[in-house]
file protein.cif (mmCIF, C-alpha atoms)
data_structure
#
loop_
_atom_site.label_atom_id
_atom_site.label_comp_id
_atom_site.auth_asym_id
_atom_site.auth_seq_id
_atom_site.Cartn_x
_atom_site.Cartn_y
_atom_site.Cartn_z
CA MET A 13 -6.87 -14.63 -13.04
CA ALA A 14 -3.72 -15.01 -11.03
CA GLU A 15 -3.37 -18.21 -9.09
CA HIS A 16 -3.45 -17.70 -5.35
CA LYS A 17 -1.19 -19.69 -3.11
CA LEU A 18 -1.27 -20.28 0.62
CA HIS A 19 1.51 -19.10 2.89
CA PRO A 20 0.60 -20.27 6.39
CA ASP A 21 3.79 -18.82 7.87
CA THR A 22 2.54 -15.29 7.16
CA TRP A 23 -1.03 -15.80 8.32
CA VAL A 24 -0.68 -14.55 11.88
CA ASP A 25 1.07 -11.33 10.87
CA LEU A 26 -1.21 -10.58 7.96
CA TYR A 27 -4.66 -11.71 9.02
CA ALA A 28 -4.82 -12.33 12.78
CA ASP A 29 -6.04 -8.82 13.61
CA TYR A 30 -8.51 -8.71 10.75
CA LEU A 31 -10.01 -12.08 11.67
CA PHE A 32 -9.97 -11.16 15.36
CA ASN A 33 -11.98 -7.98 14.77
CA TYR A 34 -14.42 -9.90 12.64
CA ALA A 35 -14.86 -12.53 15.36
CA VAL A 36 -15.10 -10.08 18.26
CA ALA A 37 -17.92 -8.25 16.51
CA ARG A 38 -19.85 -11.53 16.34
CA VAL A 39 -19.19 -13.28 19.62
CA SER A 40 -18.42 -10.18 21.73
CA ASP A 41 -15.89 -12.00 23.87
CA ALA A 42 -12.18 -11.53 23.28
CA GLU A 43 -11.15 -14.93 24.65
CA ILE A 44 -13.64 -16.85 22.54
CA ALA A 45 -12.76 -14.74 19.51
CA LYS A 46 -9.10 -15.54 19.98
CA ASP A 47 -9.83 -19.27 20.13
CA LEU A 48 -11.96 -19.04 17.00
CA VAL A 49 -9.15 -17.33 15.10
CA GLN A 50 -6.71 -19.98 16.22
CA GLU A 51 -9.11 -22.76 15.20
CA THR A 52 -9.56 -21.05 11.85
CA PHE A 53 -5.82 -21.13 11.21
CA PHE A 54 -5.65 -24.81 12.16
CA ALA A 55 -8.60 -25.68 9.98
CA GLY A 56 -7.02 -23.72 7.15
CA LEU A 57 -3.83 -25.68 7.55
CA ASN A 58 -5.65 -29.01 7.62
CA SER A 59 -7.65 -28.32 4.52
CA ALA A 60 -4.91 -26.49 2.65
CA LYS A 61 -4.97 -29.17 -0.01
CA ASN A 62 -8.59 -28.27 -0.78
CA PHE A 63 -7.65 -24.68 -1.49
CA LYS A 64 -8.22 -24.26 -5.19
CA GLY A 65 -6.54 -20.92 -5.52
CA ASP A 66 -9.53 -19.11 -6.97
CA ALA A 67 -10.01 -16.87 -3.93
CA ALA A 68 -7.60 -14.66 -2.07
CA GLU A 69 -6.17 -16.16 1.09
CA ARG A 70 -8.03 -13.79 3.37
CA THR A 71 -11.41 -14.40 1.74
CA TRP A 72 -10.83 -18.11 2.16
CA LEU A 73 -9.89 -17.75 5.83
CA ILE A 74 -12.91 -15.51 6.52
CA ALA A 75 -15.14 -18.20 5.00
CA ILE A 76 -13.69 -20.72 7.45
CA LEU A 77 -14.08 -18.31 10.35
CA LYS A 78 -17.75 -17.81 9.46
CA ARG A 79 -18.32 -21.55 9.85
CA LYS A 80 -16.47 -21.49 13.17
CA VAL A 81 -18.71 -18.71 14.47
CA ILE A 82 -21.82 -20.66 13.46
CA ASP A 83 -20.45 -23.81 15.09
CA HIS A 84 -19.76 -21.84 18.24
CA TYR A 85 -23.37 -20.71 18.50
CA ARG A 86 -24.62 -24.22 17.76
CA LYS A 87 -22.48 -25.55 20.56
CA ILE A 88 -23.65 -23.10 23.20
CA ASN A 89 -27.25 -23.53 22.12
CA SER A 90 -27.20 -27.29 22.38
CA LYS A 91 -26.08 -26.95 25.98
CA LYS A 92 -29.20 -25.04 26.81
CA GLY A 93 -31.41 -28.01 26.06
CA LYS A 94 -34.59 -28.00 24.10
CA ALA A 95 -35.94 -24.95 22.45
CA GLU A 96 -38.40 -23.32 24.72
CA VAL A 97 -40.05 -19.99 24.29
CA ARG A 98 -41.10 -18.34 27.43
CA ILE A 99 -42.66 -14.93 27.53
CA ASN A 100 -43.16 -13.36 30.88
CA TYR A 101 -44.08 -10.01 32.17
CA SER A 102 -40.96 -8.18 32.96
CA THR A 103 -39.38 -8.84 36.31
CA ASP A 104 -36.99 -5.91 36.05
CA THR A 105 -38.16 -3.23 38.39
CA ASP A 106 -36.42 -0.45 36.49
CA SER A 107 -37.82 -1.21 33.05
CA ASP A 108 -40.13 1.15 31.24
CA GLY A 109 -43.38 -0.76 31.55
CA ASP A 110 -44.85 -4.12 32.38
CA TRP A 111 -46.54 -4.82 29.10
CA LEU A 112 -44.66 -6.55 26.32
CA GLU A 113 -45.74 -3.84 23.90
CA GLU A 114 -43.84 -1.34 25.97
CA GLN A 115 -40.65 -3.32 25.74
CA VAL A 116 -40.20 -3.76 22.01
CA ALA A 117 -37.31 -2.00 20.34
CA ASP A 118 -37.84 1.63 19.57
CA PRO A 119 -38.53 1.79 15.82
CA PHE A 120 -36.99 5.24 15.63
CA SER A 121 -33.76 4.22 17.28
CA SER A 122 -30.76 3.98 14.98
CA ASP A 123 -28.62 1.96 17.40
CA GLY A 124 -28.78 -1.14 15.22
CA ASP A 125 -27.71 0.75 12.12
CA ASN A 126 -24.85 2.29 14.02
CA VAL A 127 -23.57 -1.07 15.16
CA LEU A 128 -23.59 -2.37 11.60
CA GLU A 129 -22.00 0.76 10.26
CA ASN A 130 -19.25 0.70 12.87
CA GLU A 131 -18.47 -2.88 12.08
CA GLU A 132 -18.17 -2.12 8.37
CA LEU A 133 -16.01 0.84 9.22
CA GLY A 134 -13.79 -1.36 11.38
CA LEU A 135 -13.21 -3.85 8.60
CA ALA A 136 -12.59 -1.09 6.06
CA LEU A 137 -10.03 0.49 8.36
CA GLN A 138 -8.38 -2.84 8.98
CA GLU A 139 -8.09 -3.43 5.24
CA CYS A 140 -6.50 -0.02 4.75
CA ILE A 141 -4.05 -0.63 7.60
CA GLU A 142 -3.02 -3.91 5.99
CA LYS A 143 -2.07 -2.06 2.82
CA LEU A 144 0.45 0.09 4.70
CA PRO A 145 4.12 -0.87 4.78
CA THR A 146 4.67 -3.30 7.68
CA LYS A 147 6.60 -0.93 9.90
CA GLN A 148 4.12 1.92 9.46
CA ALA A 149 1.21 -0.39 10.19
CA GLN A 150 2.97 -1.62 13.30
CA VAL A 151 3.65 1.86 14.64
CA PHE A 152 0.15 3.07 13.80
CA LYS A 153 -1.46 0.12 15.57
CA MET A 154 0.69 0.49 18.66
CA LYS A 155 -0.06 4.18 18.90
CA THR A 156 -3.71 4.26 17.88
CA ILE A 157 -5.19 0.92 18.84
CA GLN A 158 -3.09 -0.07 21.80
CA GLY A 159 -2.66 3.53 22.91
CA MET A 160 1.00 3.12 23.82
CA SER A 161 3.09 6.16 24.70
CA THR A 162 5.62 7.53 22.23
CA GLU A 163 8.44 6.65 24.60
CA ASP A 164 7.40 3.01 25.00
CA ILE A 165 7.06 2.49 21.26
CA CYS A 166 10.46 4.07 20.61
CA ASN A 167 12.07 1.81 23.19
CA GLU A 168 10.43 -1.30 21.88
CA LEU A 169 11.17 -0.68 18.21
CA GLU A 170 14.47 1.09 18.81
CA ILE A 171 13.60 4.16 16.79
CA ASN A 172 13.70 7.84 17.74
CA PRO A 173 10.61 10.02 18.22
CA SER A 174 11.04 11.96 14.98
CA ASN A 175 11.18 8.64 13.12
CA LEU A 176 7.99 7.62 14.83
CA TRP A 177 6.14 10.81 13.92
CA VAL A 178 7.25 10.58 10.30
CA MET A 179 5.82 7.07 10.15
CA ILE A 180 2.63 8.13 11.90
CA HIS A 181 2.29 11.02 9.46
CA ARG A 182 2.72 8.76 6.42
CA ALA A 183 0.37 6.15 7.82
CA ARG A 184 -2.35 8.69 8.61
CA THR A 185 -2.06 10.37 5.22
CA ALA A 186 -2.28 7.00 3.48
CA LEU A 187 -5.29 5.99 5.59
CA MET A 188 -7.11 9.23 4.81
CA GLY A 189 -6.61 8.54 1.12
CA CYS A 190 -7.65 4.90 1.46
CA LEU A 191 -10.84 5.68 3.40
CA ASN A 192 -11.55 8.78 1.38
CA GLU A 193 -14.05 7.34 -1.08
CA ASN A 194 -16.49 5.93 1.41
CA TRP A 195 -16.00 7.48 4.78
CA PHE A 196 -14.97 11.11 4.53
CA MET B 17 4.54 32.50 16.87
CA LYS B 18 4.72 31.74 13.16
CA ILE B 19 5.28 28.14 12.17
CA THR B 20 5.78 26.36 8.86
CA CYS B 21 3.31 23.92 7.35
CA ASP B 22 5.61 21.01 8.23
CA GLU B 23 5.61 22.03 11.86
CA ALA B 24 1.85 22.52 11.73
CA SER B 25 1.23 19.01 10.43
CA HIS B 26 3.61 17.61 13.04
CA ILE B 27 1.69 19.33 15.85
CA CYS B 28 -1.57 18.26 14.27
CA ASN B 29 -0.47 14.61 14.33
CA LYS B 30 0.69 14.91 17.91
CA SER B 31 -2.56 16.52 19.00
CA GLN B 32 -4.47 13.50 17.63
CA TYR B 33 -2.88 11.54 20.45
CA ASP B 34 -3.02 14.34 23.03
CA ASP B 35 0.75 14.59 22.79
CA ALA B 36 0.86 18.29 21.84
CA SER B 37 1.41 20.97 24.46
CA PHE B 38 -0.92 23.89 25.01
CA TRP B 39 1.42 26.30 23.22
CA GLU B 40 1.82 23.99 20.27
CA VAL B 41 -1.92 23.71 19.86
CA LEU B 42 -2.22 27.48 20.07
CA LYS B 43 0.41 27.90 17.35
CA LEU B 44 -1.41 25.39 15.20
CA ARG B 45 -4.74 27.20 15.70
CA LEU B 46 -3.16 30.47 14.62
CA HIS B 47 -1.53 28.84 11.63
CA ILE B 48 -4.75 27.34 10.28
CA LEU B 49 -6.44 30.72 10.48
CA TYR B 50 -4.52 31.79 7.41
CA CYS B 51 -3.40 28.49 5.87
CA LYS B 52 -6.21 26.77 3.97
CA THR B 53 -4.18 23.63 3.21
CA CYS B 54 -3.34 22.96 6.82
CA ALA B 55 -6.88 23.75 7.91
CA LYS B 56 -8.15 21.10 5.54
CA TYR B 57 -5.51 18.62 6.66
CA THR B 58 -6.33 19.23 10.33
CA LYS B 59 -10.00 18.66 9.70
CA LYS B 60 -9.38 15.40 7.88
CA ASN B 61 -6.92 14.24 10.47
CA SER B 62 -9.40 14.79 13.30
CA LYS B 63 -12.03 12.99 11.28
CA LEU B 64 -9.68 10.01 10.95
CA THR B 65 -9.21 9.99 14.71
CA SER B 66 -12.93 9.97 15.33
CA LEU B 67 -13.39 7.19 12.75
CA CYS B 68 -10.73 5.13 14.50
CA ASP B 69 -12.49 5.65 17.84
CA LYS B 70 -15.85 4.78 16.37
CA ALA B 71 -14.59 1.59 14.77
CA GLU B 72 -13.46 0.32 18.18
CA LEU B 73 -10.62 -1.57 16.61
CA THR B 74 -8.98 -4.20 18.68
CA SER B 75 -5.85 -6.11 18.04
CA LEU B 76 -4.25 -9.17 19.48
CA SER B 77 -1.36 -8.62 21.82
CA LYS B 78 2.16 -9.44 20.73
CA ASP B 79 2.27 -12.40 23.11
CA ASP B 80 -0.97 -13.82 21.76
CA LYS B 81 0.38 -13.59 18.23
CA GLU B 82 3.68 -15.23 19.16
CA CYS B 83 1.72 -17.99 20.82
CA MET B 84 -0.45 -18.48 17.74
CA LYS B 85 2.58 -18.53 15.48
CA ARG B 86 4.26 -21.19 17.57
CA ASP B 87 1.19 -23.40 17.66
CA LEU B 88 0.67 -23.01 13.95
CA GLU B 89 4.28 -23.88 13.23
CA ASN B 90 4.09 -26.99 15.41
CA ARG B 91 1.02 -28.15 13.56
CA PHE B 92 2.65 -27.41 10.27
CA HIS B 93 5.70 -29.53 11.00
CA ASN B 94 3.81 -32.39 12.57
CA LYS B 95 1.65 -32.90 9.55
#
call {"tool": "encode", "arguments": {"input": "protein.cif", "output": "structure tokens"}}
result
Amino acid sequence: MAEHKLHPDTWVDLYADYLFNYAVARVSDAEIAKDLVQETFFAGLNSAKNFKGDAAERTWLIAILKRKVIDHYRKINSKKGKAEVRINYSTDTDSDGDWLEEQVADPFSSDGDNVLENEELGLALQECIEKLPTKQAQVFKMKTIQGMSTEDICNELEINPSNLWVMIHRARTALMGCLNENWF
Amino acid sequence: MKITCDEASHICNKSQYDDASFWEVLKLRLHILYCKTCAKYTKKNSKLTSLCDKAELTSLSKDDKECMKRDLENRFHNK
């Protein structure tokens, strides 16, 4: 197997968005997620000498991020004091019923599955976007994720609209192919 | 009213971002009535748009990334 090497100078460009999406899905707060990603990069840098080169860089960084997410939940839980389970009748006036039995999750609801599926989809998409040439990925992200107008993107990247649409076309075609097996 | 497949795919891409005008969309609709290839492409393209919406992708802003890069570089050189 090929030896993997670390290139910290490329981390932000290559993995920041991927790690950020992963973190946001778990802590549901953009600010906290951002801090966790930053901490992950620092931790990666500090323990770079322990990197054995048997995993890809991203896999290794995700493993660190996982620990950071766990640590984050440990930290906020320890602030709450001792574990205490309290079950009360509902105090919400607009809830369905007073009894606990009436408040359990609907077994026929597929909300949970959807959340999981969307998260998987998000990571799959992110992986496919990463495989695009840098410029195409950049234009696609600006247009699709950040929702910028054609004019703004053209000004910022100093390209003309027909250039932009060619890149969008190539990016979208490549993404359709990349996602094809599992999602279409 | 007739357009080529290249024009059709261009309009199709634009319409994914609501950048296509009413007339363009109409021309595209007419085109895919008789062009199977473009009809298929349009369908897949719309599917990609809905997948992107569903995935609720987020990304860090350019400033955030610059900031991260700077911090990371500082750490790197101070080691």
call {"tool": "closest_residue", "arguments": {"input": "protein.cif", "among": "A:Leu48, A:Ala60, A:Ile180, A:Ala35", "to": "chain B", "atoms": "all atoms listed in the file"}}
result
A:Ile180
call {"tool": "residues_around", "arguments": {"input": "protein.cif", "residues": "Gln150 in chain A", "least_positions_apart": "4", "cutoff": "12 Å", "atoms": "only C-alpha atoms", "output": "list of chain:residue names"}}
result
A:Asp25, A:Leu26, A:Asp29, A:Ile141, A:Glu142, A:Lys143, A:Leu144, A:Pro145, A:Thr146, A:Met154, A:Lys155, A:Thr156, A:Ile157, A:Gln158, A:Met160, A:Ile165, A:Cys166, A:Glu168, A:Leu169, A:Leu176, A:Met179, A:Ile180, A:Ala183, B:Ser75, B:Ser77, B:Lys78
call {"tool": "atom_distance", "arguments": {"input": "protein.cif", "atom1": "CA of Ala71 in chain B", "atom2": "CA of Leu133 in chain A"}}
result
5.8 Å
call {"tool": "axis_aligned_box", "arguments": {"input": "protein.cif", "around": "range 75-81 of chain B", "padding_each_side": "3 Å", "output": "JSON"}}
result
{"center_x": -1.8, "center_y": -10.0, "center_z": 20.6, "size_x": 14.1, "size_y": 13.7, "size_z": 11.1}
call {"tool": "residues_around", "arguments": {"input": "protein.cif", "residues": "Gly134 in chain A", "least_positions_apart": "3", "cutoff": "8 Å", "atoms": "all atoms listed in the file", "output": "ChimeraX atom specification"}}
result
/A:33,130-131,137-138 /B:68,71-73
call {"tool": "resolve_selection", "arguments": {"input": "protein.cif", "expression": "the PyMOL selection byres ((chain A) within 10 of (chain B))", "output": "PDB file with C-alpha atoms, in the coordinates of the input"}}
result
ATOM      1  CA  PRO A  20       0.600 -20.270   6.390  1.00  0.00           C
ATOM      2  CA  ASP A  21       3.790 -18.820   7.870  1.00  0.00           C
ATOM      3  CA  THR A  22       2.540 -15.290   7.160  1.00  0.00           C
ATOM      4  CA  TRP A  23      -1.030 -15.800   8.320  1.00  0.00           C
ATOM      5  CA  VAL A  24      -0.680 -14.550  11.880  1.00  0.00           C
ATOM      6  CA  ASP A  25       1.070 -11.330  10.870  1.00  0.00           C
ATOM      7  CA  ALA A  28      -4.820 -12.330  12.780  1.00  0.00           C
ATOM      8  CA  ASP A  29      -6.040  -8.820  13.610  1.00  0.00           C
ATOM      9  CA  TYR A  30      -8.510  -8.710  10.750  1.00  0.00           C
ATOM     10  CA  LEU A  31     -10.010 -12.080  11.670  1.00  0.00           C
ATOM     11  CA  PHE A  32      -9.970 -11.160  15.360  1.00  0.00           C
ATOM     12  CA  ASN A  33     -11.980  -7.980  14.770  1.00  0.00           C
ATOM     13  CA  TYR A  34     -14.420  -9.900  12.640  1.00  0.00           C
ATOM     14  CA  VAL A  36     -15.100 -10.080  18.260  1.00  0.00           C
ATOM     15  CA  ALA A  37     -17.920  -8.250  16.510  1.00  0.00           C
ATOM     16  CA  ALA A  42     -12.180 -11.530  23.280  1.00  0.00           C
ATOM     17  CA  LYS A  46      -9.100 -15.540  19.980  1.00  0.00           C
ATOM     18  CA  ASP A  47      -9.830 -19.270  20.130  1.00  0.00           C
ATOM     19  CA  VAL A  49      -9.150 -17.330  15.100  1.00  0.00           C
ATOM     20  CA  GLN A  50      -6.710 -19.980  16.220  1.00  0.00           C
ATOM     21  CA  GLU A  51      -9.110 -22.760  15.200  1.00  0.00           C
ATOM     22  CA  PHE A  53      -5.820 -21.130  11.210  1.00  0.00           C
ATOM     23  CA  PHE A  54      -5.650 -24.810  12.160  1.00  0.00           C
ATOM     24  CA  LEU A  57      -3.830 -25.680   7.550  1.00  0.00           C
ATOM     25  CA  ASN A  58      -5.650 -29.010   7.620  1.00  0.00           C
ATOM     26  CA  ASN A 126     -24.850   2.290  14.020  1.00  0.00           C
ATOM     27  CA  VAL A 127     -23.570  -1.070  15.160  1.00  0.00           C
ATOM     28  CA  GLU A 129     -22.000   0.760  10.260  1.00  0.00           C
ATOM     29  CA  ASN A 130     -19.250   0.700  12.870  1.00  0.00           C
ATOM     30  CA  GLU A 131     -18.470  -2.880  12.080  1.00  0.00           C
ATOM     31  CA  GLU A 132     -18.170  -2.120   8.370  1.00  0.00           C
ATOM     32  CA  LEU A 133     -16.010   0.840   9.220  1.00  0.00           C
ATOM     33  CA  GLY A 134     -13.790  -1.360  11.380  1.00  0.00           C
ATOM     34  CA  LEU A 135     -13.210  -3.850   8.600  1.00  0.00           C
ATOM     35  CA  ALA A 136     -12.590  -1.090   6.060  1.00  0.00           C
ATOM     36  CA  LEU A 137     -10.030   0.490   8.360  1.00  0.00           C
ATOM     37  CA  GLN A 138      -8.380  -2.840   8.980  1.00  0.00           C
ATOM     38  CA  LYS A 153      -1.460   0.120  15.570  1.00  0.00           C
ATOM     39  CA  MET A 154       0.690   0.490  18.660  1.00  0.00           C
ATOM     40  CA  LYS A 155      -0.060   4.180  18.900  1.00  0.00           C
ATOM     41  CA  THR A 156      -3.710   4.260  17.880  1.00  0.00           C
ATOM     42  CA  ILE A 157      -5.190   0.920  18.840  1.00  0.00           C
ATOM     43  CA  GLN A 158      -3.090  -0.070  21.800  1.00  0.00           C
ATOM     44  CA  GLY A 159      -2.660   3.530  22.910  1.00  0.00           C
ATOM     45  CA  MET A 160       1.000   3.120  23.820  1.00  0.00           C
ATOM     46  CA  SER A 161       3.090   6.160  24.700  1.00  0.00           C
ATOM     47  CA  THR A 162       5.620   7.530  22.230  1.00  0.00           C
ATOM     48  CA  SER A 174      11.040  11.960  14.980  1.00  0.00           C
ATOM     49  CA  TRP A 177       6.140  10.810  13.920  1.00  0.00           C
ATOM     50  CA  VAL A 178       7.250  10.580  10.300  1.00  0.00           C
ATOM     51  CA  ILE A 180       2.630   8.130  11.900  1.00  0.00           C
ATOM     52  CA  HIS A 181       2.290  11.020   9.460  1.00  0.00           C
ATOM     53  CA  ARG A 184      -2.350   8.690   8.610  1.00  0.00           C
ATOM     54  CA  THR A 185      -2.060  10.370   5.220  1.00  0.00           C
ATOM     55  CA  LEU A 187      -5.290   5.990   5.590  1.00  0.00           C
ATOM     56  CA  MET A 188      -7.110   9.230   4.810  1.00  0.00           C
ATOM     57  CA  LEU A 191     -10.840   5.680   3.400  1.00  0.00           C
ATOM     58  CA  ASN A 192     -11.550   8.780   1.380  1.00  0.00           C
ATOM     59  CA  TRP A 195     -16.000   7.480   4.780  1.00  0.00           C
ATOM     60  CA  PHE A 196     -14.970  11.110   4.530  1.00  0.00           C
TER      61      PHE A 196
END
call {"tool": "resolve_selection", "arguments": {"input": "protein.cif", "expression": "the PyMOL selection byres ((chain B and resi 24) around 12)", "output": "MDAnalysis selection string"}}
result
(chainID A and resid 181) or (chainID B and resid 17:23 25:31 36 40:49 51:58)
call {"tool": "atom_distance", "arguments": {"input": "protein.cif", "atom1": "CA of Asp66 in chain A", "atom2": "CA of Lys17 in chain A"}}
result
9.2 Å
call {"tool": "atom_distance", "arguments": {"input": "protein.cif", "atom1": "CA of Lys61 in chain A", "atom2": "CA of Ile82 in chain A"}}
result
23.2 Å
